[in-house]
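Below is one structure, written out as structure tokens; comments come after it.
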Amino acid sequence: MRYAILGDIHSNLAAFEAVLRDVESRGGFDKIWCLGDVVGYGPDPHECIELLCQYDHICVAGNHDWAAISKMDTTDFNPVAARACHWTAQQLTPEDIDYLQNLPLNFCQDDFTLVHGSPREPIWEYLLGSEAAQDNFAYFETAYCLVGHSHVPLIFEFFEGVAIYRVFPEENGLPLGENRLIINPGGVGQPRDGDPRASYAIYDTDNQTVYHYRVEYDIAATQKKMTEYGLPLPLIVRLGQGW
């Protein structure tokens, strides 16, 4: 089995389509594991939900998914994110709302737990440092946990009671071994690690390895749509900066 691991699509259809094409060029996939925030920020919330639903997939709820259907208050969002969220809510069909409404907070399959933010706080916690990651290893029982939310590709390995930060290996992927891991594939639709290319991962069960990839997409096309729809300028600009 091959799983395409996608996080934080964020209504960016051009990036989502580019990732799917890239996965196909690398041998395809059997199923998508989506780590939440299908919508929010970008110009194509309905289209991204519609495309995701064309594939066999599992998706967990993200904070923007919940906020778009008023399942979460936007008072904790910054003004730019809140404005985009309110716009997103107006674009959703009744079927989209029903889909987002029924997303689980977490999901376990095989040796993996899937959440958006963290095992401890599935909707809202950002895992960017070793200290927070170390605490979170107590909140899931599987060997591995997949997270999104930060839009930053990273790995935390639990070794002798300590969470160690690791970067994705460039060539041969990340072999899964005895040590427990928290893995973030990075953001499809709004990367925040200084690289504007869409970020995702593939898990190949045959060789028990997770591969991380970046793929270029038509950023200008997404920015043009966002401008036409009156979405906030900071969200438009940041796509070109990967931040």
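By order in the structure tokens, chains are A, B, ...; within a chain, residues start at 1; ligands start at 1, following the order shown.
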Could you pull the residues within 10 Å of region 160-166 of chain A, counting only C-alpha atoms, minus those fewer than 5 positions along the same chain, as a PyMOL selection string? chain A and resi 128-137+153-155+179-183
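Counting only C-alpha atoms, Ala84 (chain A) has the following residues at most 6 Å away, ignoring those fewer than 3 positions along the same chain: Tyr41, Ala81 and Trp87 of chain A.
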Write out as number ranges by chain which residues come within 12 Å of Val60 (chain A) when counting only C-alpha atoms, dropping same-chain ones fewer than 3 positions away.
-> A: 5-8, 32-38, 57, 63-66, 99-108, 113-119, 122-123, 146-149
Let me see the file: selected residues, C-alpha atoms, as an mmCIF file, in the first residue's frame.
```cif
data_model
loop_
_atom_site.group_PDB
_atom_site.id
_atom_site.type_symbol
_atom_site.label_atom_id
_atom_site.label_comp_id
_atom_site.auth_asym_id
_atom_site.auth_seq_id
_atom_site.Cartn_x
_atom_site.Cartn_y
_atom_site.Cartn_z
ATOM 1 C CA ILE A 5 0.103 12.107 3.324
ATOM 2 C CA LEU A 6 -1.266 15.616 2.818
ATOM 3 C CA GLY A 7 -1.695 18.397 5.340
ATOM 4 C CA ASP A 8 -3.042 21.937 5.191
ATOM 5 C CA ILE A 32 -4.904 9.695 0.948
ATOM 6 C CA TRP A 33 -4.294 10.437 4.607
ATOM 7 C CA CYS A 34 -5.322 14.088 5.011
ATOM 8 C CA LEU A 35 -4.297 15.895 8.187
ATOM 9 C CA GLY A 36 -6.943 18.604 8.224
ATOM 10 C CA ASP A 37 -7.434 22.213 7.150
ATOM 11 C CA VAL A 38 -8.720 21.303 3.727
ATOM 12 C CA HIS A 57 -9.201 8.909 1.877
ATOM 13 C CA ASN A 63 -9.150 24.390 13.081
ATOM 14 C CA HIS A 64 -10.028 26.120 9.794
ATOM 15 C CA ASP A 65 -12.357 23.272 8.869
ATOM 16 C CA TRP A 66 -14.217 23.792 12.109
ATOM 17 C CA TYR A 99 -18.499 16.742 5.128
ATOM 18 C CA LEU A 100 -16.570 19.097 7.410
ATOM 19 C CA GLN A 101 -19.048 18.609 10.225
ATOM 20 C CA ASN A 102 -18.368 14.885 10.310
ATOM 21 C CA LEU A 103 -14.576 14.927 10.264
ATOM 22 C CA PRO A 104 -13.113 13.124 13.311
ATOM 23 C CA LEU A 105 -10.636 14.784 15.661
ATOM 24 C CA ASN A 106 -8.245 11.868 15.319
ATOM 25 C CA PHE A 107 -8.011 8.577 13.516
ATOM 26 C CA CYS A 108 -5.882 5.494 14.052
ATOM 27 C CA THR A 113 -2.404 8.122 14.663
ATOM 28 C CA LEU A 114 -3.618 11.007 12.494
ATOM 29 C CA VAL A 115 -4.372 14.433 14.002
ATOM 30 C CA HIS A 116 -4.246 18.012 12.810
ATOM 31 C CA GLY A 117 -2.494 19.878 15.599
ATOM 32 C CA SER A 118 -1.176 17.439 18.174
ATOM 33 C CA PRO A 119 -2.263 14.270 19.979
ATOM 34 C CA PRO A 122 -5.884 17.828 18.052
ATOM 35 C CA ILE A 123 -7.290 21.094 16.766
ATOM 36 C CA LEU A 146 1.118 12.264 11.750
ATOM 37 C CA VAL A 147 0.410 15.955 12.390
ATOM 38 C CA GLY A 148 -0.095 19.131 10.388
ATOM 39 C CA HIS A 149 -1.107 22.653 11.476
#
```
- Taking the DSSP assignment computed from this structure's backbone, write out as a PyMOL selection string all residues of region 40-138 of chain A that belong to helix (DSSP H, G or I). chain A and resi 45-52+63-68+74-76+79-91+94-101+130-138
Would you mind exporting the chosen residues as a PDB file, in the first residue's frame, restricted to C-alpha atoms?
```pdb
ATOM      1  CA  PRO A  45     -12.609  25.666  -0.640  1.00  0.00           C
ATOM      2  CA  HIS A  46     -15.464  23.858  -2.382  1.00  0.00           C
ATOM      3  CA  GLU A  47     -13.274  22.617  -5.211  1.00  0.00           C
ATOM      4  CA  CYS A  48     -10.672  21.221  -2.801  1.00  0.00           C
ATOM      5  CA  ILE A  49     -13.275  19.298  -0.810  1.00  0.00           C
ATOM      6  CA  GLU A  50     -14.802  18.036  -4.045  1.00  0.00           C
ATOM      7  CA  LEU A  51     -11.430  16.851  -5.366  1.00  0.00           C
ATOM      8  CA  LEU A  52     -10.452  15.160  -2.110  1.00  0.00           C
ATOM      9  CA  ASN A  63      -9.150  24.390  13.081  1.00  0.00           C
ATOM     10  CA  HIS A  64     -10.028  26.120   9.794  1.00  0.00           C
ATOM     11  CA  ASP A  65     -12.357  23.272   8.869  1.00  0.00           C
ATOM     12  CA  TRP A  66     -14.217  23.792  12.109  1.00  0.00           C
ATOM     13  CA  ALA A  67     -14.176  27.586  11.960  1.00  0.00           C
ATOM     14  CA  ALA A  68     -15.637  27.576   8.441  1.00  0.00           C
ATOM     15  CA  THR A  74     -12.738  32.875  15.166  1.00  0.00           C
ATOM     16  CA  THR A  75     -11.993  35.180  18.111  1.00  0.00           C
ATOM     17  CA  ASP A  76      -8.687  33.345  18.595  1.00  0.00           C
ATOM     18  CA  PRO A  79      -7.899  39.364  11.878  1.00  0.00           C
ATOM     19  CA  VAL A  80      -6.585  38.308   8.465  1.00  0.00           C
ATOM     20  CA  ALA A  81      -7.288  34.607   9.096  1.00  0.00           C
ATOM     21  CA  ALA A  82     -10.725  35.412  10.533  1.00  0.00           C
ATOM     22  CA  ARG A  83     -11.653  37.484   7.483  1.00  0.00           C
ATOM     23  CA  ALA A  84     -10.618  34.664   5.149  1.00  0.00           C
ATOM     24  CA  CYS A  85     -12.536  32.181   7.265  1.00  0.00           C
ATOM     25  CA  HIS A  86     -15.761  34.179   7.006  1.00  0.00           C
ATOM     26  CA  TRP A  87     -15.323  34.380   3.237  1.00  0.00           C
ATOM     27  CA  THR A  88     -14.709  30.627   3.100  1.00  0.00           C
ATOM     28  CA  ALA A  89     -17.920  29.903   4.972  1.00  0.00           C
ATOM     29  CA  GLN A  90     -19.900  31.686   2.263  1.00  0.00           C
ATOM     30  CA  GLN A  91     -18.452  29.474  -0.482  1.00  0.00           C
ATOM     31  CA  PRO A  94     -24.573  22.100   2.152  1.00  0.00           C
ATOM     32  CA  GLU A  95     -22.668  18.951   1.174  1.00  0.00           C
ATOM     33  CA  ASP A  96     -19.347  20.632   2.002  1.00  0.00           C
ATOM     34  CA  ILE A  97     -20.660  21.661   5.409  1.00  0.00           C
ATOM     35  CA  ASP A  98     -21.875  18.154   6.117  1.00  0.00           C
ATOM     36  CA  TYR A  99     -18.499  16.742   5.128  1.00  0.00           C
ATOM     37  CA  LEU A 100     -16.570  19.097   7.410  1.00  0.00           C
ATOM     38  CA  GLN A 101     -19.048  18.609  10.225  1.00  0.00           C
ATOM     39  CA  SER A 130      11.179  19.241  21.119  1.00  0.00           C
ATOM     40  CA  GLU A 131       9.787  20.052  24.573  1.00  0.00           C
ATOM     41  CA  ALA A 132       6.150  20.150  23.411  1.00  0.00           C
ATOM     42  CA  ALA A 133       6.729  17.103  21.208  1.00  0.00           C
ATOM     43  CA  GLN A 134       8.182  15.147  24.127  1.00  0.00           C
ATOM     44  CA  ASP A 135       5.057  15.793  26.216  1.00  0.00           C
ATOM     45  CA  ASN A 136       2.839  14.694  23.342  1.00  0.00           C
ATOM     46  CA  PHE A 137       4.310  11.209  23.003  1.00  0.00           C
ATOM     47  CA  ALA A 138       2.252  10.281  26.080  1.00  0.00           C
TER      48      ALA A 138
END
```
Counting only C-alpha atoms, the residue among A:Met226, A:Cys59, A:Met1, A:Ala198 that lies closest to Phe16 (chain A) is A:Ala198
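In this structure, CA of Gly177 (chain A) sits 13.5 Å away from CA of Tyr203 (chain A).
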Leaving out region 167-170 of chain A and any residue of its chain fewer than 4 positions from it, which residues lie within 12 Å of it when counting only C-alpha atoms, given as a PyMOL selection string? chain A and resi 152-157+174-175+182-186+199-201+209-214
What separates CA of Ala18 (chain A) and CA of Leu231 (chain A) is a distance of 22.1 Å
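For the set A:Leu239, A:Met72, A:Cys145, A:Leu92, the residue with the smallest atom-to-atom gap to Arg192 (chain A) is A:Leu239, counting only C-alpha atoms.
Compared by their closest atoms to Pro196 (chain A), and using only C-alpha atoms, the residues A:His151, A:Lys71, A:Arg120, A:Arg2 rank with A:His151 nearest.
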Near region 215-224 of chain A, within 12 Å and counting only C-alpha atoms, which residues show up once chain neighbours fewer than 2 positions away are dropped, as number ranges by chain?
-> A: 10-23, 25-26, 41-44, 186-191, 195-201, 212-213, 226-242
